[in-house]
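Have a look at the structure below, then the notes.
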Amino acid sequence: MEEMHRKVFQLLVDNTSGVLSRISGLFSRRGYNIESITAGTTANPLITRITIVASGDDDILDQIEKQLRKLIDVRDIHELRPEESVYRELAMIKVACTDAQRQGVIALANIFRAGIIDVAPESLMIEVTGGQEKIEAFFRLLDGYEILEIARTGVAGLGRGVKNVLDIDENGAVRPMYDKDGKRIH
């Protein structure tokens with residue numbers, strides 16, 4: 001039995017209606033697992049950046065990349081390797097707390113550089129951003145408190161430096177913006 005792995009894929013796709021549905025449909029039809037998916041427009045409003053965290057054995061992860069590459073809306077796809085990329089996630093957590101518990105929850109939030117974004121008589125809402133490990137560590141420390149609700153964005157990521165920065169012209173042609181030495185091409 002092959003070992004399960006995780007990969008973070010970054011896709012640049014046409015910003016058209018239904019593109020996210022077509023991508024998630026591919027995963028559904030083939031029985032692939034999506035751990036998280038985030039999408040948003042880029043500096044070019046015609047292009048959407050989608051970050052997908054997928055899990056499976058090496059063969060499945062290779063097949064996912066090949067199948068995504070075949071979709072007509074996909075302009076570029078590459079793996080965001082941890083050593084070459086920065087990943088972030090946002091989590092909003094609503095914690096039930098009494099007056100006696102409030103300072104303890106606030107102290108935990110401060111340790112994680114999290115923000116208190118809403119205060120109610122019976123709860124606090126906390127916003128924490130960072131890598132998945134930081135978010136999970138924060139949840140573990142909240143174990144003694146009652147978590148009422150959680151909203152998580154999923155992973156968003158970008159490659160470090162200018163190595164994979166691409167230009168997509170009005171005809172949809174994809175070109176690197178920088179050469180291998182980091183000099184701007186166009």
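The way I read the labels, and the way they are meant: chains A, B, ... in the order of the structure tokens, residue 1 as the first residue of every chain, and ligand 1 as the first ligand shown, with later ones counted on from there.
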
Test item: residues at most 12 Å from Ser17 in chain A, only C-alpha atoms, excluding those fewer than 6 positions along its chain, as a PDB file with C-alpha atoms, in the first residue's frame:
```
ATOM      1  CA  ILE A  23     -12.620  21.905 -11.391  1.00  0.00           C
ATOM      2  CA  LEU A  46      -9.508  38.073 -16.391  1.00  0.00           C
ATOM      3  CA  ILE A  47      -7.558  35.457 -14.390  1.00  0.00           C
ATOM      4  CA  THR A  48      -8.437  33.633 -11.160  1.00  0.00           C
ATOM      5  CA  ASP A  73      -9.945  27.080 -18.541  1.00  0.00           C
TER       6      ASP A  73
END
```

At a cut-off of 12 Å, using only C-alpha atoms, what residues contact Ala107 in chain A? Leave out same-chain residues fewer than 5 positions from it and give the result as a PDB file with C-alpha atoms, in the first residue's frame.
```pdb
ATOM      1  CA  GLN A 101     -12.815  32.696  31.281  1.00  0.00           C
ATOM      2  CA  ARG A 102     -12.568  35.792  29.092  1.00  0.00           C
ATOM      3  CA  PHE A 112      -0.854  33.548  18.688  1.00  0.00           C
ATOM      4  CA  ARG A 113      -1.112  37.169  17.511  1.00  0.00           C
ATOM      5  CA  ALA A 114      -4.778  36.524  16.892  1.00  0.00           C
ATOM      6  CA  GLY A 115      -7.315  39.303  17.009  1.00  0.00           C
ATOM      7  CA  ILE A 116     -10.519  39.544  18.995  1.00  0.00           C
ATOM      8  CA  ILE A 126     -11.213  35.330  17.341  1.00  0.00           C
ATOM      9  CA  PHE A 138      -4.300  27.277  18.449  1.00  0.00           C
ATOM     10  CA  LEU A 141      -4.915  25.123  23.206  1.00  0.00           C
ATOM     11  CA  LEU A 142      -8.603  26.021  23.041  1.00  0.00           C
TER      12      LEU A 142
END
```

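In this model, the gap between CA of Thr38 in chain A and CA of Ile117 in chain A comes to 22.4 Å.
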
Please run DSSP on the backbone and report, as number ranges by chain, all residues within range 89-163 of chain A that come out as alpha helix (DSSP H). A: 99-111, 132-141

Serialized selection, N, CA, C and O atoms, as a PDB file, in the first residue's frame:
```
ATOM      1  N   ASP A  99     -17.384  35.509  32.121  1.00  0.00           N
ATOM      2  CA  ASP A  99     -16.506  36.620  32.508  1.00  0.00           C
ATOM      3  C   ASP A  99     -15.196  36.090  33.091  1.00  0.00           C
ATOM      4  O   ASP A  99     -14.126  36.643  32.838  1.00  0.00           O
ATOM      5  N   ALA A 100     -15.279  35.004  33.839  1.00  0.00           N
ATOM      6  CA  ALA A 100     -14.079  34.427  34.460  1.00  0.00           C
ATOM      7  C   ALA A 100     -13.131  33.819  33.431  1.00  0.00           C
ATOM      8  O   ALA A 100     -11.917  33.798  33.643  1.00  0.00           O
ATOM      9  N   GLN A 101     -13.652  33.328  32.307  1.00  0.00           N
ATOM     10  CA  GLN A 101     -12.815  32.696  31.281  1.00  0.00           C
ATOM     11  C   GLN A 101     -12.265  33.692  30.259  1.00  0.00           C
ATOM     12  O   GLN A 101     -11.298  33.394  29.559  1.00  0.00           O
ATOM     13  N   ARG A 102     -12.877  34.839  30.157  1.00  0.00           N
ATOM     14  CA  ARG A 102     -12.568  35.792  29.092  1.00  0.00           C
ATOM     15  C   ARG A 102     -11.081  36.152  29.016  1.00  0.00           C
ATOM     16  O   ARG A 102     -10.488  36.135  27.941  1.00  0.00           O
ATOM     17  N   GLN A 103     -10.458  36.457  30.140  1.00  0.00           N
ATOM     18  CA  GLN A 103      -9.045  36.850  30.108  1.00  0.00           C
ATOM     19  C   GLN A 103      -8.135  35.703  29.662  1.00  0.00           C
ATOM     20  O   GLN A 103      -7.128  35.931  28.987  1.00  0.00           O
ATOM     21  N   GLY A 104      -8.489  34.475  29.999  1.00  0.00           N
ATOM     22  CA  GLY A 104      -7.705  33.321  29.557  1.00  0.00           C
ATOM     23  C   GLY A 104      -7.759  33.152  28.052  1.00  0.00           C
ATOM     24  O   GLY A 104      -6.733  32.873  27.401  1.00  0.00           O
ATOM     25  N   VAL A 105      -8.931  33.323  27.460  1.00  0.00           N
ATOM     26  CA  VAL A 105      -9.080  33.216  26.010  1.00  0.00           C
ATOM     27  C   VAL A 105      -8.329  34.355  25.326  1.00  0.00           C
ATOM     28  O   VAL A 105      -7.621  34.145  24.328  1.00  0.00           O
ATOM     29  N   ILE A 106      -8.436  35.561  25.855  1.00  0.00           N
ATOM     30  CA  ILE A 106      -7.729  36.710  25.282  1.00  0.00           C
ATOM     31  C   ILE A 106      -6.219  36.502  25.356  1.00  0.00           C
ATOM     32  O   ILE A 106      -5.487  36.802  24.404  1.00  0.00           O
ATOM     33  N   ALA A 107      -5.736  35.959  26.460  1.00  0.00           N
ATOM     34  CA  ALA A 107      -4.292  35.696  26.604  1.00  0.00           C
ATOM     35  C   ALA A 107      -3.821  34.688  25.558  1.00  0.00           C
ATOM     36  O   ALA A 107      -2.759  34.863  24.949  1.00  0.00           O
ATOM     37  N   LEU A 108      -4.583  33.621  25.332  1.00  0.00           N
ATOM     38  CA  LEU A 108      -4.229  32.642  24.287  1.00  0.00           C
ATOM     39  C   LEU A 108      -4.201  33.314  22.910  1.00  0.00           C
ATOM     40  O   LEU A 108      -3.293  33.073  22.113  1.00  0.00           O
ATOM     41  N   ALA A 109      -5.202  34.134  22.640  1.00  0.00           N
ATOM     42  CA  ALA A 109      -5.245  34.833  21.355  1.00  0.00           C
ATOM     43  C   ALA A 109      -4.015  35.719  21.183  1.00  0.00           C
ATOM     44  O   ALA A 109      -3.401  35.736  20.112  1.00  0.00           O
ATOM     45  N   ASN A 110      -3.628  36.421  22.229  1.00  0.00           N
ATOM     46  CA  ASN A 110      -2.460  37.295  22.149  1.00  0.00           C
ATOM     47  C   ASN A 110      -1.181  36.521  21.868  1.00  0.00           C
ATOM     48  O   ASN A 110      -0.326  36.975  21.101  1.00  0.00           O
ATOM     49  N   ILE A 111      -1.022  35.350  22.469  1.00  0.00           N
ATOM     50  CA  ILE A 111       0.165  34.524  22.237  1.00  0.00           C
ATOM     51  C   ILE A 111       0.285  34.175  20.761  1.00  0.00           C
ATOM     52  O   ILE A 111       1.384  34.153  20.205  1.00  0.00           O
ATOM     53  N   GLN A 132      -1.093  26.208   8.498  1.00  0.00           N
ATOM     54  CA  GLN A 132      -2.033  25.244   9.081  1.00  0.00           C
ATOM     55  C   GLN A 132      -1.554  24.742  10.442  1.00  0.00           C
ATOM     56  O   GLN A 132      -2.367  24.493  11.328  1.00  0.00           O
ATOM     57  N   GLU A 133      -0.251  24.603  10.626  1.00  0.00           N
ATOM     58  CA  GLU A 133       0.279  24.130  11.910  1.00  0.00           C
ATOM     59  C   GLU A 133      -0.063  25.105  13.032  1.00  0.00           C
ATOM     60  O   GLU A 133      -0.420  24.698  14.131  1.00  0.00           O
ATOM     61  N   LYS A 134       0.062  26.404  12.752  1.00  0.00           N
ATOM     62  CA  LYS A 134      -0.268  27.426  13.754  1.00  0.00           C
ATOM     63  C   LYS A 134      -1.752  27.366  14.098  1.00  0.00           C
ATOM     64  O   LYS A 134      -2.123  27.402  15.277  1.00  0.00           O
ATOM     65  N   ILE A 135      -2.599  27.251  13.071  1.00  0.00           N
ATOM     66  CA  ILE A 135      -4.041  27.204  13.301  1.00  0.00           C
ATOM     67  C   ILE A 135      -4.398  25.979  14.146  1.00  0.00           C
ATOM     68  O   ILE A 135      -5.157  26.070  15.117  1.00  0.00           O
ATOM     69  N   GLU A 136      -3.829  24.824  13.795  1.00  0.00           N
ATOM     70  CA  GLU A 136      -4.110  23.589  14.540  1.00  0.00           C
ATOM     71  C   GLU A 136      -3.602  23.688  15.980  1.00  0.00           C
ATOM     72  O   GLU A 136      -4.276  23.219  16.907  1.00  0.00           O
ATOM     73  N   ALA A 137      -2.431  24.290  16.184  1.00  0.00           N
ATOM     74  CA  ALA A 137      -1.899  24.471  17.543  1.00  0.00           C
ATOM     75  C   ALA A 137      -2.831  25.358  18.373  1.00  0.00           C
ATOM     76  O   ALA A 137      -3.068  25.096  19.553  1.00  0.00           O
ATOM     77  N   PHE A 138      -3.367  26.403  17.751  1.00  0.00           N
ATOM     78  CA  PHE A 138      -4.300  27.277  18.449  1.00  0.00           C
ATOM     79  C   PHE A 138      -5.556  26.509  18.864  1.00  0.00           C
ATOM     80  O   PHE A 138      -6.017  26.621  20.001  1.00  0.00           O
ATOM     81  N   PHE A 139      -6.082  25.688  17.955  1.00  0.00           N
ATOM     82  CA  PHE A 139      -7.252  24.870  18.297  1.00  0.00           C
ATOM     83  C   PHE A 139      -6.954  23.917  19.458  1.00  0.00           C
ATOM     84  O   PHE A 139      -7.797  23.718  20.327  1.00  0.00           O
ATOM     85  N   ARG A 140      -5.773  23.321  19.481  1.00  0.00           N
ATOM     86  CA  ARG A 140      -5.421  22.401  20.580  1.00  0.00           C
ATOM     87  C   ARG A 140      -5.415  23.132  21.923  1.00  0.00           C
ATOM     88  O   ARG A 140      -5.862  22.579  22.934  1.00  0.00           O
ATOM     89  N   LEU A 141      -4.941  24.371  21.953  1.00  0.00           N
ATOM     90  CA  LEU A 141      -4.915  25.123  23.206  1.00  0.00           C
ATOM     91  C   LEU A 141      -6.307  25.596  23.633  1.00  0.00           C
ATOM     92  O   LEU A 141      -6.532  25.884  24.799  1.00  0.00           O
TER      93      LEU A 141
END
```

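CA of Leu71 in chain A to CA of Ala43 in chain A spans 22.1 Å [interatomic distance, one decimal].
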
Residue nearest Thr153 in chain A - candidates A:Ser123, A:Thr16, A:Asn44, A:Thr51, atoms counted: only C-alpha atoms: A:Thr51

Quick one: distance from CA of Asn164 in chain A to CA of Val74 in chain A in Å, one decimal?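 Calculated distance between CA of Asn164 in chain A and CA of Val74 in chain A is 15.6 Å.
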
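For His5 in chain A, the residues within 8 Å (counting only C-alpha atoms, excluding itself and residues fewer than 4 positions away along the chain) are Ser55, Gly56, Asp57 and Asp58 of chain A.
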
Hey, what's within 12 Å of Asp14 in chain A if we count only C-alpha atoms and toss same-chain stuff fewer than 6 positions away? As a ChimeraX atom specification, please? /A:20,22-23,39-42,44-50,71-76,168-174

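Proximity to Glu146 in chain A was assessed for A:Met177, A:Leu80, A:Ile93, A:Leu26 counting only C-alpha atoms; the smallest distance is recorded for A:Ile93.
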
From range 106-176 of chain A, collect each residue whose DSSP state is strand (DSSP E or B) and return the set as a PyMOL selection string. chain A and resi 115-120+123-130+146-152+156-159+166-168+174-176

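Excluding Arg81 in chain A itself and any same-chain residue fewer than 5 positions from it, the protein and nucleic acid residues within 12 Å of it, counting only C-alpha atoms, are Arg6, Lys7, Val8, Phe9, Gln10, Val53, Val86, Tyr87, Gly157, Leu158, Gly159, Arg160 and Asn164 of chain A.
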